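Below is start-v3.cif, holding mmCIF, C-alpha atoms and all ligand atoms.
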data_final
loop_
_atom_site.group_PDB
_atom_site.id
_atom_site.type_symbol
_atom_site.label_atom_id
_atom_site.label_comp_id
_atom_site.auth_asym_id
_atom_site.auth_seq_id
_atom_site.Cartn_x
_atom_site.Cartn_y
_atom_site.Cartn_z
ATOM 1 C CA MET V 883 249.921 139.151 66.675
ATOM 2 C CA GLU V 884 252.974 139.023 64.480
ATOM 3 C CA MET V 885 255.370 141.962 64.188
ATOM 4 C CA LYS V 886 256.818 142.764 60.778
ATOM 5 C CA THR V 887 259.739 145.060 60.128
ATOM 6 C CA VAL V 888 260.552 146.710 56.808
ATOM 7 C CA GLU V 889 263.232 149.126 55.679
ATOM 8 C CA MET V 890 262.156 152.036 53.480
ATOM 9 C CA ASP V 891 265.031 153.277 51.331
ATOM 10 C CA SER V 892 263.479 156.579 50.341
ATOM 11 C CA ARG V 893 260.648 158.996 50.996
ATOM 12 C CA ASP V 894 258.963 157.687 47.852
ATOM 13 C CA ALA V 895 259.140 154.101 49.126
ATOM 14 C CA THR V 896 257.414 155.142 52.353
ATOM 15 C CA ILE V 897 254.696 156.927 50.379
ATOM 16 C CA ALA V 898 254.235 153.893 48.116
ATOM 17 C CA LEU V 899 253.822 151.571 51.097
ATOM 18 C CA GLY V 900 251.344 153.981 52.673
ATOM 19 C CA GLN V 901 249.401 154.023 49.416
ATOM 20 C CA LYS V 902 249.266 150.232 49.274
ATOM 21 C CA ILE V 903 247.934 150.104 52.819
ATOM 22 C CA GLY V 904 245.469 152.920 52.147
ATOM 23 C CA GLN V 905 243.994 150.905 49.291
ATOM 24 C CA GLN V 906 243.234 148.072 51.739
ATOM 25 C CA LEU V 907 241.693 150.106 54.566
ATOM 26 C CA ALA V 908 238.086 149.728 55.623
ATOM 27 C CA ALA V 909 235.575 151.951 57.421
ATOM 28 C CA GLY V 910 236.385 152.325 61.112
ATOM 29 C CA ASP V 911 240.060 151.387 60.810
ATOM 30 C CA VAL V 912 242.405 152.986 63.343
ATOM 31 C CA LEU V 913 246.147 153.375 62.726
ATOM 32 C CA VAL V 914 248.497 154.753 65.347
ATOM 33 C CA LEU V 915 251.945 156.006 64.406
ATOM 34 C CA ASP V 916 254.854 156.764 66.679
ATOM 35 C CA GLY V 917 258.505 157.644 66.312
ATOM 36 C CA ASP V 918 260.795 160.669 66.568
ATOM 37 C CA LEU V 919 260.352 164.033 64.880
ATOM 38 C CA GLY V 920 260.975 163.601 61.166
ATOM 39 C CA ALA V 921 260.739 159.833 61.337
ATOM 40 C CA GLY V 922 258.211 159.754 58.478
ATOM 41 C CA LYS V 923 254.748 159.573 60.086
ATOM 42 C CA THR V 924 253.233 162.400 58.041
ATOM 43 C CA THR V 925 255.006 161.216 54.887
ATOM 44 C CA PHE V 926 253.459 157.772 55.330
ATOM 45 C CA THR V 927 250.048 159.392 55.907
ATOM 46 C CA LYS V 928 250.385 161.239 52.577
ATOM 47 C CA GLY V 929 250.697 157.840 50.895
ATOM 48 C CA LEU V 930 247.791 156.473 52.873
ATOM 49 C CA ALA V 931 245.631 159.378 51.664
ATOM 50 C CA LYS V 932 246.649 158.609 48.082
ATOM 51 C CA GLY V 933 245.499 155.024 48.617
ATOM 52 C CA LEU V 934 242.179 156.394 49.873
ATOM 53 C CA GLU V 935 241.925 158.478 46.683
ATOM 54 C CA ILE V 936 241.969 161.759 48.601
ATOM 55 C CA PRO V 937 242.906 164.548 46.178
ATOM 56 C CA ASP V 938 243.910 167.090 48.863
ATOM 57 C CA ILE V 939 247.452 167.779 50.024
ATOM 58 C CA ILE V 940 247.986 166.289 53.468
ATOM 59 C CA LYS V 941 249.525 168.784 55.868
ATOM 60 C CA SER V 942 250.766 168.143 59.348
ATOM 61 C CA PRO V 943 247.868 168.831 61.737
ATOM 62 C CA THR V 944 250.134 169.793 64.643
ATOM 63 C CA PHE V 945 248.367 173.040 65.556
ATOM 64 C CA THR V 946 244.808 171.944 64.983
ATOM 65 C CA ILE V 947 245.268 168.378 66.261
ATOM 66 C CA ILE V 948 242.700 166.929 63.839
ATOM 67 C CA HIS V 949 242.348 167.393 60.080
ATOM 68 C CA GLU V 950 239.384 165.825 58.305
ATOM 69 C CA TYR V 951 239.330 164.851 54.625
ATOM 70 C CA HIS V 952 235.993 163.929 53.087
ATOM 71 C CA ASP V 953 236.771 163.728 49.379
ATOM 72 C CA GLY V 954 238.198 160.193 49.194
ATOM 73 C CA ARG V 955 236.936 156.631 49.122
ATOM 74 C CA LEU V 956 236.465 156.884 52.913
ATOM 75 C CA PRO V 957 236.743 159.868 55.263
ATOM 76 C CA LEU V 958 240.229 160.314 56.742
ATOM 77 C CA TYR V 959 240.749 161.762 60.203
ATOM 78 C CA HIS V 960 244.396 162.697 60.612
ATOM 79 C CA MET V 961 245.393 163.549 64.173
ATOM 80 C CA ASP V 962 248.641 164.723 65.673
ATOM 81 C CA ALA V 963 248.677 164.216 69.433
ATOM 82 C CA TYR V 964 252.117 165.809 69.920
ATOM 83 C CA ARG V 965 250.682 168.717 71.861
ATOM 84 C CA LEU V 966 248.822 166.374 74.206
ATOM 85 C CA GLU V 967 251.985 165.268 75.986
ATOM 86 C CA ASN V 968 250.689 166.907 79.162
ATOM 87 C CA GLY V 969 247.257 165.262 78.870
ATOM 88 C CA GLY V 970 243.932 166.316 77.424
ATOM 89 C CA ALA V 971 243.342 163.388 75.054
ATOM 90 C CA GLU V 972 240.158 162.420 76.896
ATOM 91 C CA ASP V 973 238.568 165.786 75.978
ATOM 92 C CA LEU V 974 238.977 165.354 72.218
ATOM 93 C CA GLY V 975 236.098 162.936 71.730
ATOM 94 C CA LEU V 976 238.371 160.509 69.916
ATOM 95 C CA GLU V 977 235.930 157.642 70.404
ATOM 96 C CA GLU V 978 233.552 159.316 68.008
ATOM 97 C CA TYR V 979 236.237 159.285 65.339
ATOM 98 C CA PHE V 980 237.347 155.745 66.136
ATOM 99 C CA ASP V 981 233.746 154.452 66.013
ATOM 100 C CA SER V 982 232.917 156.333 62.808
ATOM 101 C CA ASP V 983 232.904 154.992 59.275
ATOM 102 C CA GLY V 984 236.112 156.829 58.461
ATOM 103 C CA VAL V 985 239.778 155.927 58.830
ATOM 104 C CA SER V 986 241.600 157.437 61.817
ATOM 105 C CA VAL V 987 245.361 157.985 61.772
ATOM 106 C CA VAL V 988 247.039 159.257 64.921
ATOM 107 C CA GLU V 989 250.608 160.559 65.059
ATOM 108 C CA TRP V 990 252.281 160.565 68.498
ATOM 109 C CA ALA V 991 249.832 157.896 69.528
ATOM 110 C CA GLU V 992 251.530 157.340 72.893
ATOM 111 C CA PHE V 993 249.584 160.370 74.138
ATOM 112 C CA VAL V 994 246.208 158.804 73.305
ATOM 113 C CA ALA V 995 247.039 155.261 74.442
ATOM 114 C CA ASP V 996 244.164 155.165 76.947
ATOM 115 C CA GLU V 997 241.595 155.999 74.273
ATOM 116 C CA LEU V 998 242.431 153.288 71.741
ATOM 117 C CA PRO V 999 239.919 150.650 70.584
ATOM 118 C CA ALA V 1000 240.643 146.911 70.836
ATOM 119 C CA ASP V 1001 241.630 146.543 67.188
ATOM 120 C CA PHE V 1002 244.202 148.861 65.660
ATOM 121 C CA LEU V 1003 247.402 148.879 63.677
ATOM 122 C CA ALA V 1004 250.425 150.416 65.393
ATOM 123 C CA ILE V 1005 253.375 151.399 63.214
ATOM 124 C CA HIS V 1006 256.658 152.362 64.854
ATOM 125 C CA PHE V 1007 258.939 154.614 62.758
ATOM 126 C CA ARG V 1008 262.697 154.777 63.309
ATOM 127 C CA ARG V 1009 265.352 156.939 61.738
ATOM 128 C CA THR V 1010 268.653 155.301 60.803
ATOM 129 C CA ASP V 1011 272.258 156.499 60.357
ATOM 130 C CA ASP V 1012 271.419 156.855 56.665
ATOM 131 C CA GLU V 1013 269.331 160.046 56.431
ATOM 132 C CA SER V 1014 267.262 158.658 53.539
ATOM 133 C CA LYS V 1015 266.339 155.360 55.234
ATOM 134 C CA ARG V 1016 263.648 154.589 57.777
ATOM 135 C CA VAL V 1017 262.692 151.392 59.568
ATOM 136 C CA LEU V 1018 258.977 150.699 60.021
ATOM 137 C CA GLU V 1019 257.767 148.099 62.479
ATOM 138 C CA PHE V 1020 254.176 146.903 62.133
ATOM 139 C CA GLU V 1021 252.292 145.813 65.234
ATOM 140 C CA PRO V 1022 248.781 144.625 64.325
ATOM 141 C CA HIS V 1023 246.070 144.171 66.959
ATOM 142 C CA GLY V 1024 243.133 142.007 65.867
ATOM 143 C CA ASP V 1025 242.503 139.632 62.939
ATOM 144 C CA HIS V 1026 241.692 142.345 60.433
ATOM 145 C CA PHE V 1027 245.084 144.022 60.853
ATOM 146 C CA ASP V 1028 246.946 140.701 61.151
ATOM 147 C CA GLN V 1029 245.592 139.903 57.689
ATOM 148 C CA LEU V 1030 246.226 143.335 56.273
ATOM 149 C CA VAL V 1031 249.850 143.285 57.418
ATOM 150 C CA SER V 1032 250.523 139.848 55.985
ATOM 151 C CA THR V 1033 248.880 140.832 52.693
ATOM 152 C CA VAL V 1034 250.639 144.154 52.267
ATOM 153 C CA VAL V 1035 253.919 143.808 54.130
ATOM 154 C CA GLY V 1036 254.438 140.106 53.513
HETATM 155 N N1 LIG V 1101 262.781 156.686 53.774
HETATM 156 C C1 LIG V 1101 262.097 157.784 54.143
HETATM 157 N N2 LIG V 1101 260.807 157.677 54.522
HETATM 158 C C2 LIG V 1101 260.103 158.765 54.922
HETATM 159 N N3 LIG V 1101 260.594 160.009 54.992
HETATM 160 C C3 LIG V 1101 261.874 160.195 54.621
HETATM 161 C C4 LIG V 1101 262.669 159.093 54.190
HETATM 162 N N4 LIG V 1101 263.905 159.561 53.901
HETATM 163 C C5 LIG V 1101 263.881 160.884 54.120
HETATM 164 N N5 LIG V 1101 262.673 161.284 54.552
HETATM 165 C C6 LIG V 1101 262.328 162.677 54.914
HETATM 166 O O1 LIG V 1101 262.124 162.710 56.316
HETATM 167 C C7 LIG V 1101 261.109 163.669 56.633
HETATM 168 C C8 LIG V 1101 259.983 162.987 57.382
HETATM 169 O O2 LIG V 1101 259.126 164.000 57.849
HETATM 170 P P1 LIG V 1101 257.657 163.703 58.387
HETATM 171 O O3 LIG V 1101 257.014 165.039 58.509
HETATM 172 O O4 LIG V 1101 257.018 162.673 57.573
HETATM 173 O O5 LIG V 1101 257.991 163.108 59.828
HETATM 174 P P2 LIG V 1101 257.025 162.965 61.087
HETATM 175 O O6 LIG V 1101 257.349 161.657 61.696
HETATM 176 O O7 LIG V 1101 255.625 163.217 60.686
HETATM 177 O O8 LIG V 1101 257.545 164.133 62.037
HETATM 178 P P3 LIG V 1101 256.742 164.946 63.193
HETATM 179 O O9 LIG V 1101 256.905 164.165 64.455
HETATM 180 O O10 LIG V 1101 257.455 166.250 63.241
HETATM 181 O O11 LIG V 1101 255.315 165.063 62.780
HETATM 182 C C9 LIG V 1101 260.651 164.259 55.305
HETATM 183 O O12 LIG V 1101 261.340 165.458 55.070
HETATM 184 C C10 LIG V 1101 261.039 163.187 54.293
HETATM 185 O O13 LIG V 1101 261.275 163.712 53.005
HETATM 186 MG MG MG V 1102 254.142 164.519 61.360
#
Reformat the file's structure so that it appears as structure tokens.
Amino acid sequence: MEMKTVEMDSRDATIALGQKIGQQLAAGDVLVLDGDLGAGKTTFTKGLAKGLEIPDIIKSPTFTIIHEYHDGRLPLYHMDAYRLENGGAEDLGLEEYFDSDGVSVVEWAEFVADELPADFLAIHFRRTDDESKRVLEFEPHGDHFDQLVSTVVG
């Protein structure tokens, strides 16, 4: 596993990187995103959806926990585990999503840590002193994501 860190100078840059990664994703891929409020997790997911050719607008799933999109190249399951900080992740049936032929993206992934499969891509988002910049740290688990990160992030 090799960590890669990149600096995103704008919202558009974060969307563009998400799009590039979305183009490379395969059925069953699991991505877990963490970082503070407003760090850019949903923004990145919007780009990812673009890369999956999903025409819908991606909205934050905070109140519903899971949003499903079926109109792209692969299904996208977008989850926000923020409200699971006091537990409850085991009741969501996440395994079914993770084992499916769609792509699963989880924001606030620390609250579903016990449910994760062996292979996944963790991305850590950090705000900076510059309000328009974000630092993204890629932590791939498994060969597939090792390769994807070196292809896309360099
Ligand atoms: N370089 C950047 N990359 C991503 N977003 C940026 C960047 N610079 C500014 N922003 C802004 O920061 C905000 C990021 O919000 P976003 O909803 O993506 O965060 P989040 O991590 O999903 O937050 P939450 O934990 O509340 O779900 C947006 O308003 C976006 O326009
Ligand atoms: Mg969000």
Q | Expected answer as a list in words: residues within 7 Å of ligand LIG 1101 (chain V), all atoms listed in the file | A | Met890, Asp891, Ser892, Arg893, Asp894, Ala895, Thr896, Gly917, Asp918, Leu919, Gly920, Ala921, Gly922, Lys923, Thr924, Thr925, Phe926, Ser942, Glu989, Glu1013, Ser1014, Lys1015 and Arg1016 of chain V
Q. Which polymer residues have any atom within 9 Å of an atom of Gln906 in chain V, counting only C-alpha atoms, with same-chain residues fewer than 5 positions away left out, as a list in words?
A. Gln901, Gly933, Leu934, Leu1030 and Val1034 of chain V
Q: Take the PyMOL selection byres (((chain V and resi 946-961) around 8) and not hetatm), apply it to the structure above, and return the hits as a ChimeraX atom specification.
A: /V:908-909,931,934-938,943-945,962-963,965,979,983-989
**Q.** Chain and number of each residue from the PyMOL selection byres (((chain V and resi 991) around 6) and not hetatm), as a ChimeraX atom specification
**A.** /V:914-916,988-990,992-994
Q. If the PyMOL selection byres (((chain V and resi 1022) around 10) and not hetatm) is run on the structure shown, which residues does it catch, given as an NGL selection string?
A. :V and (883-886 or 913 or 1001-1005 or 1019-1021 or 1023-1032)
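Here CA of Gly910 in chain V and CA of Phe980 in chain V stand 6.2 Å from one another.
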Q | Computed interatomic separation between CA of Pro999 in chain V and CA of Asp981 in chain V (Å) | A | 8.6 Å
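In terms of minimum interatomic distance to ligand MG 1102 (chain V), V:Ile940 ranks closest within V:Val1017, V:Ile940, V:Leu966, V:Ala995, counting all atoms listed in the file.
The interatomic distance for the pair CA of Gly929 in chain V and CA of Asp973 in chain V works out to 29.0 Å.
With all atoms listed in the file as the basis for measurement, V:Phe1007 is the residue among V:Phe1007, V:Asp911, V:Val1035, V:Ala971 that approaches ligand MG 1102 (chain V) most closely.
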